[in-house]
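Colleague: Submitted below is the structure of interest, expressed as C-alpha cells.
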Amino acid sequence: MTNARDFNLDRELAATRAWNDDAQDIELDADDLDDDFESGYDDELVSPDGPDPEEVGDELTTGEQDLAARHALRRVAGLRTELEDITEVEYRQLRLEKVILVGVWTEGTVEDAENSMAELALLAETAGSEVLDAIYQRRQTPDPATFIGRGKVDGLREIVQATGADTVILDGDLAPSQLRNLEDKLKVKAIDRTGLILDIFAQHAKSKEGQAQVELAQLSYMKQRLRGWGGNLSRQAGGRVSGGEGIGGRGPGETKIETDRRRINTKIAKLRRELKEMKGTRETKRQERRRNHIPSVSIAGYTNAGKSSILNRLTDAGVLVEDSLFATLDPTTRRTTTKDGRIYTMSDTVGFVRHLPHQLVEAFRSTLEEVADSDLILHVVDGSHPDPEGQLAAVREVLADIDASKVPELVVINKADAADPLVISRLRAREPHSVVVSAKTGEGIEEALAAIEAELPRPSVAFDALLPYERGDLLNRLHQQGEIDSLEHTGDGTRVRGRANADLASDLAAYPVP
C-alpha cells in the first residue's frame, strides 16, 4: 500500500495550462527596461579589439582574425561560476593565476632592477596571470640553495599566505635544486624566468615549425628538472617484488625518472629530425632568392618594439599586432619593390628579450639564420621604453650569438608619437645610422623606405645594350633586378644603359650596341 495520490493525466495537463498565462504576465518588453541597465559582461572581453568577426566577415585581415581568436580564449579575473568546486585543472581555465614576483639585484643601478621587475610583470601578465606583489633584494650573488636566502624565504612565505598566491615567479635562471627548495618551503609552485618565457612561446606558436621549435626548447628545459614524489621515484623492482612479473622483470630495472628522461630524449631526437626537414625547405627557398639575386631585409628587435606594425606599414602584410610581449613568433616574409622597381623581400622575426633562454636560441636557430643571411637588418627599438639603450644591447648580444653581427644594420626608432623628444635626440646621437618613425601614425615611414632602398645591395656590372623588341623578357628582368640609367626606343630596338648583376649582364652581352 502507498500514500501517493491517484494519478490522473487529464487533471495534470489541466494544471499546466495556467503556466503559460503566468509567464505572459511577467514578460518584459525591451522598451520597459531601465536605461541605466548594464550587462555584467565586459564588452572588451567579448570584442576587445574592434567589431565582431562574424559581422564583418572577410573584411578583417589575417592578423586581426588571429587577434580576435586569441582574445576570445583569454582568461579573465574574478570569474565565478557554480562549477567552482570542479578539478583544479578545469578551474584554472576560468581564472587568472595569482603570482608574486621575486628578483635578486646583483649589478647595475636601482633603475635597472626596477625595469627588470617591470618587464617580468609584463611577461607574467602575458602568460595569463594576475600579479599581486613584487619584491627584490640586493645581493652580491644569488643564494645557492634558495636564490634569495633563508630570511627572505620566511618573509616571502608570509606574503604568499597573506595574499593567497598560487605561484612565485623568480627573475632569473634557477637551478632545479633551488626551485625544489623554494617549493618545499613556500608550499606553492615556483618557476623561473626561463620557464615563464617558454610558457608564453607555447601559447603563441601557431605554425608547425614554430610549435616544434617551442616543444624542443621546453623538453630541453624540462629534461634537467624532472622530479617525482614518493613511490614515483622508486625502482621498478623485478621478480616477486614487482608483483610476479617473472622472467624479464627481474633486476633493479629503470627508475621512473630514468624512464621519463629516456622518453624525453627520444622525443627530442624526433623533433630535431622534423626541424631538419623543415630547415631544408627553408634553405631551398633561400637558394631560389639567391639565384634570382633578390635582396632580403630582416626586421629584428626587442619584443613589443613594434616590428609587426612596421612590417604592416612597409608592405601591407596584415600580420597580427598586439600590445603584448612575444605576440608573434612565426616569421613572416613579404615581397615588395623599391620606387625604381627592384624586388626585395622583408621578413619579420621573433622578438628578443634580456636573458633570452639559450634553449630558445638553439631551437629557433634555423629561423634566426634568416637574419644572419639577410642583406640588411632593420633593428627596431622602442623609443618610449624607459631603457632603449638596454634593448639595443640585448638584441645585439643575440645577433652576435647567431653570427649576424656583421650584417649591415639600420636602427629604426619606433613609437615617436609617444617617446620623449630628449630620448629621441639621445638615441640619434648614439646611433647616427638611424631613422625615427611611428608605425601608429605613419610618421617617418617614407624616410625609412628611402633609407632601406639606399642600403640594399646594388648591381655592380655596367652595360650598354640594344635589345630587340621581341626580348621584352630581358627588359623586364632589368626593371626587377638591375638599375637603368637611360632607356631609348629606336628603330632597331631598345637601347638601355645601366648596371646589372653578373648573370644578367652576360645575357645582355649578346646584344651589343653596333
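If you're wondering about the labels, chains in the C-alpha cells are A, B, ... by order shown, residues count from 1 in each chain, ligands from 1 in order shown.
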Can you pull out every residue within 9 Å of range 383-395 of chain A, counting only C-alpha atoms, but drop anything in the same chain fewer than 3 positions away, and send it as a ChimeraX atom specification?
Modeller: /A:112,115,300-302,305,351-356,379-380,398-400,413-420,423-424,427,436
Colleague: Within 10 Å of Tyr221 in chain A, counting only C-alpha atoms, which residues qualify if same-chain residues fewer than 4 places away don't, as a ChimeraX atom specification?
Modeller: /A:194-195,198,215-217,225-226,357-360
Colleague: Go ahead and save the residues from that selection, with C-alpha atoms, as a JSON list (two decimals), in the first residue's frame.
Modeller:
[["chain", "number", "residue", "atom", "x", "y", "z"],
["A", 194, "THR", "CA", 63.08, 30.82, -18.46],
["A", 195, "GLY", "CA", 60.04, 28.69, -17.66],
["A", 198, "LEU", "CA", 58.75, 29.16, -22.59],
["A", 215, "GLU", "CA", 58.38, 21.98, -27.84],
["A", 216, "LEU", "CA", 62.06, 21.22, -28.40],
["A", 217, "ALA", "CA", 63.04, 24.12, -26.15],
["A", 225, "ARG", "CA", 64.23, 19.38, -13.97],
["A", 226, "LEU", "CA", 62.36, 16.09, -13.78],
["A", 357, "PRO", "CA", 66.80, 31.39, -22.76],
["A", 358, "HIS", "CA", 69.55, 29.61, -24.62],
["A", 359, "GLN", "CA", 67.14, 26.72, -25.26],
["A", 360, "LEU", "CA", 65.05, 29.07, -27.39]]
Colleague: Excluding Gln161 in chain A and any residue of its chain fewer than 3 positions from it, enumerate the residues within 12 Å of it, using only C-alpha atoms, and give them as a ChimeraX atom specification.
Modeller: /A:99-100,154-158,164-168,185-188
Colleague: Hey, can you spit out that residue selection with all heavy atoms as a short mmCIF file (atom, residue, chain, number, x, y, z; two decimals), in the first residue's frame?
Modeller:
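The new file out.cif reads:
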data_model
loop_
_atom_site.label_atom_id
_atom_site.label_comp_id
_atom_site.auth_asym_id
_atom_site.auth_seq_id
_atom_site.Cartn_x
_atom_site.Cartn_y
_atom_site.Cartn_z
N VAL A 99 50.08 35.50 -8.88
CA VAL A 99 51.52 35.28 -8.75
C VAL A 99 52.16 36.41 -7.95
O VAL A 99 51.61 37.51 -7.83
CB VAL A 99 52.20 35.19 -10.14
CG1 VAL A 99 51.59 34.08 -10.97
CG2 VAL A 99 52.10 36.52 -10.88
N ILE A 100 53.33 36.10 -7.40
CA ILE A 100 54.20 37.07 -6.73
C ILE A 100 55.55 37.03 -7.42
O ILE A 100 56.09 35.95 -7.69
CB ILE A 100 54.35 36.75 -5.23
CG1 ILE A 100 53.00 36.93 -4.52
CG2 ILE A 100 55.40 37.63 -4.59
CD1 ILE A 100 53.05 36.58 -3.05
N ASP A 154 61.48 33.20 4.43
CA ASP A 154 60.48 33.27 5.50
C ASP A 154 59.52 34.44 5.27
O ASP A 154 58.30 34.30 5.43
CB ASP A 154 61.17 33.42 6.86
CG ASP A 154 61.99 32.19 7.22
OD1 ASP A 154 61.69 31.11 6.67
OD2 ASP A 154 62.94 32.31 8.02
N GLY A 155 60.08 35.60 4.88
CA GLY A 155 59.21 36.74 4.59
C GLY A 155 58.33 36.49 3.38
O GLY A 155 57.15 36.89 3.36
N LEU A 156 58.87 35.82 2.37
CA LEU A 156 58.08 35.52 1.18
C LEU A 156 56.95 34.55 1.50
O LEU A 156 55.85 34.68 0.95
CB LEU A 156 59.00 34.95 0.09
CG LEU A 156 58.36 34.58 -1.24
CD1 LEU A 156 57.69 35.79 -1.88
CD2 LEU A 156 59.41 33.99 -2.18
N ARG A 157 57.22 33.60 2.39
CA ARG A 157 56.17 32.65 2.76
C ARG A 157 55.00 33.38 3.44
O ARG A 157 53.83 33.04 3.20
CB ARG A 157 56.73 31.57 3.68
CG ARG A 157 55.70 30.52 4.06
CD ARG A 157 56.33 29.33 4.80
NE ARG A 157 56.98 29.76 6.03
CZ ARG A 157 58.30 29.71 6.22
NH1 ARG A 157 59.08 29.24 5.27
NH2 ARG A 157 58.82 30.12 7.36
N GLU A 158 55.30 34.36 4.27
CA GLU A 158 54.22 35.14 4.91
C GLU A 158 53.42 35.91 3.88
O GLU A 158 52.19 36.03 3.97
CB GLU A 158 54.83 36.09 5.94
CG GLU A 158 55.50 35.39 7.10
CD GLU A 158 56.13 36.38 8.08
OE1 GLU A 158 56.04 37.61 7.80
OE2 GLU A 158 56.69 35.94 9.10
N GLY A 164 47.31 34.75 -0.69
CA GLY A 164 46.69 33.61 -1.33
C GLY A 164 47.22 33.35 -2.72
O GLY A 164 46.48 32.88 -3.60
N ALA A 165 48.49 33.63 -2.96
CA ALA A 165 49.09 33.45 -4.27
C ALA A 165 49.21 31.97 -4.62
O ALA A 165 49.35 31.11 -3.74
CB ALA A 165 50.46 34.12 -4.33
N ASP A 166 49.14 31.68 -5.93
CA ASP A 166 49.29 30.31 -6.41
C ASP A 166 50.72 29.99 -6.81
O ASP A 166 51.14 28.84 -6.75
CB ASP A 166 48.40 30.06 -7.63
CG ASP A 166 46.96 30.45 -7.39
OD1 ASP A 166 46.41 29.97 -6.39
OD2 ASP A 166 46.41 31.23 -8.18
N THR A 167 51.46 31.01 -7.27
CA THR A 167 52.75 30.78 -7.90
C THR A 167 53.71 31.90 -7.53
O THR A 167 53.29 33.05 -7.35
CB THR A 167 52.61 30.72 -9.45
OG1 THR A 167 51.63 29.75 -9.78
CG2 THR A 167 53.92 30.37 -10.12
N VAL A 168 54.98 31.57 -7.45
CA VAL A 168 56.05 32.55 -7.26
C VAL A 168 56.94 32.50 -8.50
O VAL A 168 57.40 31.42 -8.90
CB VAL A 168 56.88 32.24 -6.00
CG1 VAL A 168 58.09 33.16 -5.92
CG2 VAL A 168 56.01 32.41 -4.76
N LYS A 185 59.55 24.97 0.84
CA LYS A 185 59.39 25.93 1.93
C LYS A 185 58.15 26.81 1.75
O LYS A 185 57.50 27.18 2.73
CB LYS A 185 60.64 26.81 2.04
CG LYS A 185 61.90 26.05 2.42
CD LYS A 185 63.10 26.97 2.48
CE LYS A 185 64.37 26.21 2.84
NZ LYS A 185 64.30 25.56 4.18
N LEU A 186 57.82 27.15 0.51
CA LEU A 186 56.69 28.06 0.26
C LEU A 186 55.37 27.32 0.11
O LEU A 186 54.30 27.94 0.25
CB LEU A 186 56.96 28.88 -1.00
CG LEU A 186 58.20 29.78 -0.99
CD1 LEU A 186 58.36 30.47 -2.33
CD2 LEU A 186 58.11 30.81 0.13
N LYS A 187 55.41 26.04 -0.24
CA LYS A 187 54.21 25.22 -0.43
C LYS A 187 53.37 25.69 -1.62
O LYS A 187 52.16 25.40 -1.68
CB LYS A 187 53.34 25.20 0.84
CG LYS A 187 54.08 24.79 2.10
CD LYS A 187 54.73 23.42 1.96
CE LYS A 187 55.47 23.02 3.23
NZ LYS A 187 56.18 21.74 3.10
N VAL A 188 53.97 26.43 -2.55
CA VAL A 188 53.30 26.81 -3.80
C VAL A 188 54.28 26.57 -4.95
O VAL A 188 55.47 26.35 -4.73
CB VAL A 188 52.83 28.28 -3.79
CG1 VAL A 188 51.75 28.50 -2.75
CG2 VAL A 188 54.00 29.23 -3.60
#
Colleague: So which one's closest to Ala127 in chain A, A:Ala175, A:Leu325, A:Leu314, A:Val102? Using only C-alpha atoms, please.
Modeller: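 Ranking A:Ala175, A:Leu325, A:Leu314, A:Val102 by distance to Ala127 in chain A, first place goes to A:Leu325.
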Colleague: Skipping near chain neighbours, those fewer than 5 positions away, what residues fall within 9 Å of Leu219 in chain A using only C-alpha atoms, listed as an MDAnalysis selection string?
Modeller: chainID A and resid 214 264:265 267:268
Colleague: Would you mind exporting the chosen residues as a short mmCIF file (atom, residue, chain, number, x, y, z; two decimals), in the first residue's frame, restricted to N, CA, C and O atoms?
Modeller:
data_model
loop_
_atom_site.label_atom_id
_atom_site.label_comp_id
_atom_site.auth_asym_id
_atom_site.auth_seq_id
_atom_site.Cartn_x
_atom_site.Cartn_y
_atom_site.Cartn_z
N VAL A 214 59.28 25.33 -30.21
CA VAL A 214 58.96 25.60 -28.80
C VAL A 214 58.96 24.31 -28.00
O VAL A 214 59.46 24.26 -26.87
N ILE A 264 61.92 11.53 -23.05
CA ILE A 264 62.15 12.91 -23.48
C ILE A 264 63.26 12.95 -24.52
O ILE A 264 63.17 13.67 -25.53
N ASN A 265 64.34 12.20 -24.31
CA ASN A 265 65.43 12.17 -25.28
C ASN A 265 64.96 11.64 -26.63
O ASN A 265 65.37 12.13 -27.69
N LYS A 267 61.89 11.88 -27.81
CA LYS A 267 61.06 12.93 -28.41
C LYS A 267 61.93 14.06 -28.96
O LYS A 267 61.64 14.61 -30.04
N ILE A 268 62.98 14.41 -28.25
CA ILE A 268 63.88 15.47 -28.72
C ILE A 268 64.53 15.06 -30.04
O ILE A 268 64.64 15.87 -30.98
#
Colleague: Give the answer as one residue: which of A:Val321, A:Ala14, A:Ala212, A:Ala454 has the shortest atom-to-atom distance to Arg272 in chain A, using only C-alpha atoms?
Modeller: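 Once distances to Arg272 in chain A are computed over only C-alpha atoms, the minimum belongs to A:Ala212.
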Colleague: Kindly give the distance, in Å, that separates CA of Val297 in chain A and CA of Tyr344 in chain A, rounded to a single decimal.
Modeller: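 Those two atoms sit 7.5 Å apart.
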Colleague: From the DSSP assignment of the backbone, select every residue of range 338-413 of chain A that is helix (DSSP H, G or I), and format the answer as a PyMOL selection string.
Modeller: chain A and resi 358-363+365-372+388-401
Colleague: Residues as selected, C-alpha atoms, written as a short mmCIF file (atom, residue, chain, number, x, y, z; two decimals), in the first residue's frame, can you do that?
Modeller:
data_model
loop_
_atom_site.label_atom_id
_atom_site.label_comp_id
_atom_site.auth_asym_id
_atom_site.auth_seq_id
_atom_site.Cartn_x
_atom_site.Cartn_y
_atom_site.Cartn_z
CA HIS A 358 69.55 29.61 -24.62
CA GLN A 359 67.14 26.72 -25.26
CA LEU A 360 65.05 29.07 -27.39
CA VAL A 361 68.06 30.41 -29.26
CA GLU A 362 69.13 26.87 -30.15
CA ALA A 363 65.61 25.74 -31.07
CA ARG A 365 68.39 28.83 -34.79
CA SER A 366 67.10 27.70 -38.19
CA THR A 367 64.62 30.59 -38.18
CA LEU A 368 67.16 33.10 -36.90
CA GLU A 369 69.56 32.10 -39.67
CA GLU A 370 67.32 34.18 -41.94
CA VAL A 371 68.64 37.23 -40.09
CA ALA A 372 72.28 36.19 -40.49
CA PRO A 388 66.04 51.79 -25.02
CA GLU A 389 69.84 51.51 -24.83
CA GLY A 390 69.42 48.30 -22.83
CA GLN A 391 67.10 46.95 -25.53
CA LEU A 392 69.70 47.69 -28.23
CA ALA A 393 72.42 45.92 -26.24
CA ALA A 394 70.25 42.86 -25.53
CA VAL A 395 69.31 42.42 -29.20
CA ARG A 396 72.88 42.84 -30.41
CA GLU A 397 74.01 40.22 -27.94
CA VAL A 398 71.64 37.68 -29.52
CA LEU A 399 72.63 38.78 -33.03
CA ALA A 400 76.25 38.06 -32.13
CA ASP A 401 75.26 34.55 -30.95
#
Colleague: Taking only range 123-332 of chain A into account, list the residues labelled strand (DSSP E) by DSSP (computed from the backbone), as a list of chain:residue names.
Modeller: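 Those residues are A:Ser129, A:Glu130, A:Val131, A:Leu132, A:Asp133, A:Ala134, A:Ile135, A:Tyr136, A:Gln137, A:Arg138, A:Thr167, A:Val168, A:Ile169, A:Leu170, A:Asp171, A:Lys189, A:Ala190, A:Ile191, A:Asp192, A:Ser296, A:Val297, A:Ser298, A:Ile299, A:Ala300, A:Gly301, A:Thr332.
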Colleague: Between A:Thr345, A:Pro514, A:Thr333, A:Glu409, which residue has the minimum interatomic distance to Arg290 in chain A, considering only C-alpha atoms?
Modeller: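 Distance minimum relative to Arg290 in chain A lands on A:Thr345.
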Colleague: Go through A:Arg263, A:Arg471, A:His293, A:Arg180 and flag the residue nearest Arg495 in chain A, using only C-alpha atoms for the distances.
Modeller: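 The closest residue to Arg495 in chain A is A:Arg471.
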Colleague: Using only C-alpha atoms, which of A:Thr349, A:Ser460, A:Thr303, A:Thr336 sits nearest Asp382 in chain A?
Modeller: A:Thr303
Colleague: Neighbours of Asp323 in chain A within 12 Å (only C-alpha atoms; same-chain residues fewer than 6 positions away dropped), as a list in words?
Modeller: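 Once the adjacent positions are removed, what remains is Asp49, Leu67, Leu122, Leu123, Glu125, Thr126, Thr303, Asn304, Ala305, Gly306, Lys307, Ser308, Ser309 and Lys440 of chain A.
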Colleague: Between A:Ile159, A:Ile169, A:Leu271, A:Ala124, which one has atoms that come closest to Leu182 in chain A, using only C-alpha atoms?
Modeller: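 When distances to Leu182 in chain A are compared using only C-alpha atoms, the smallest one comes from A:Ile169.
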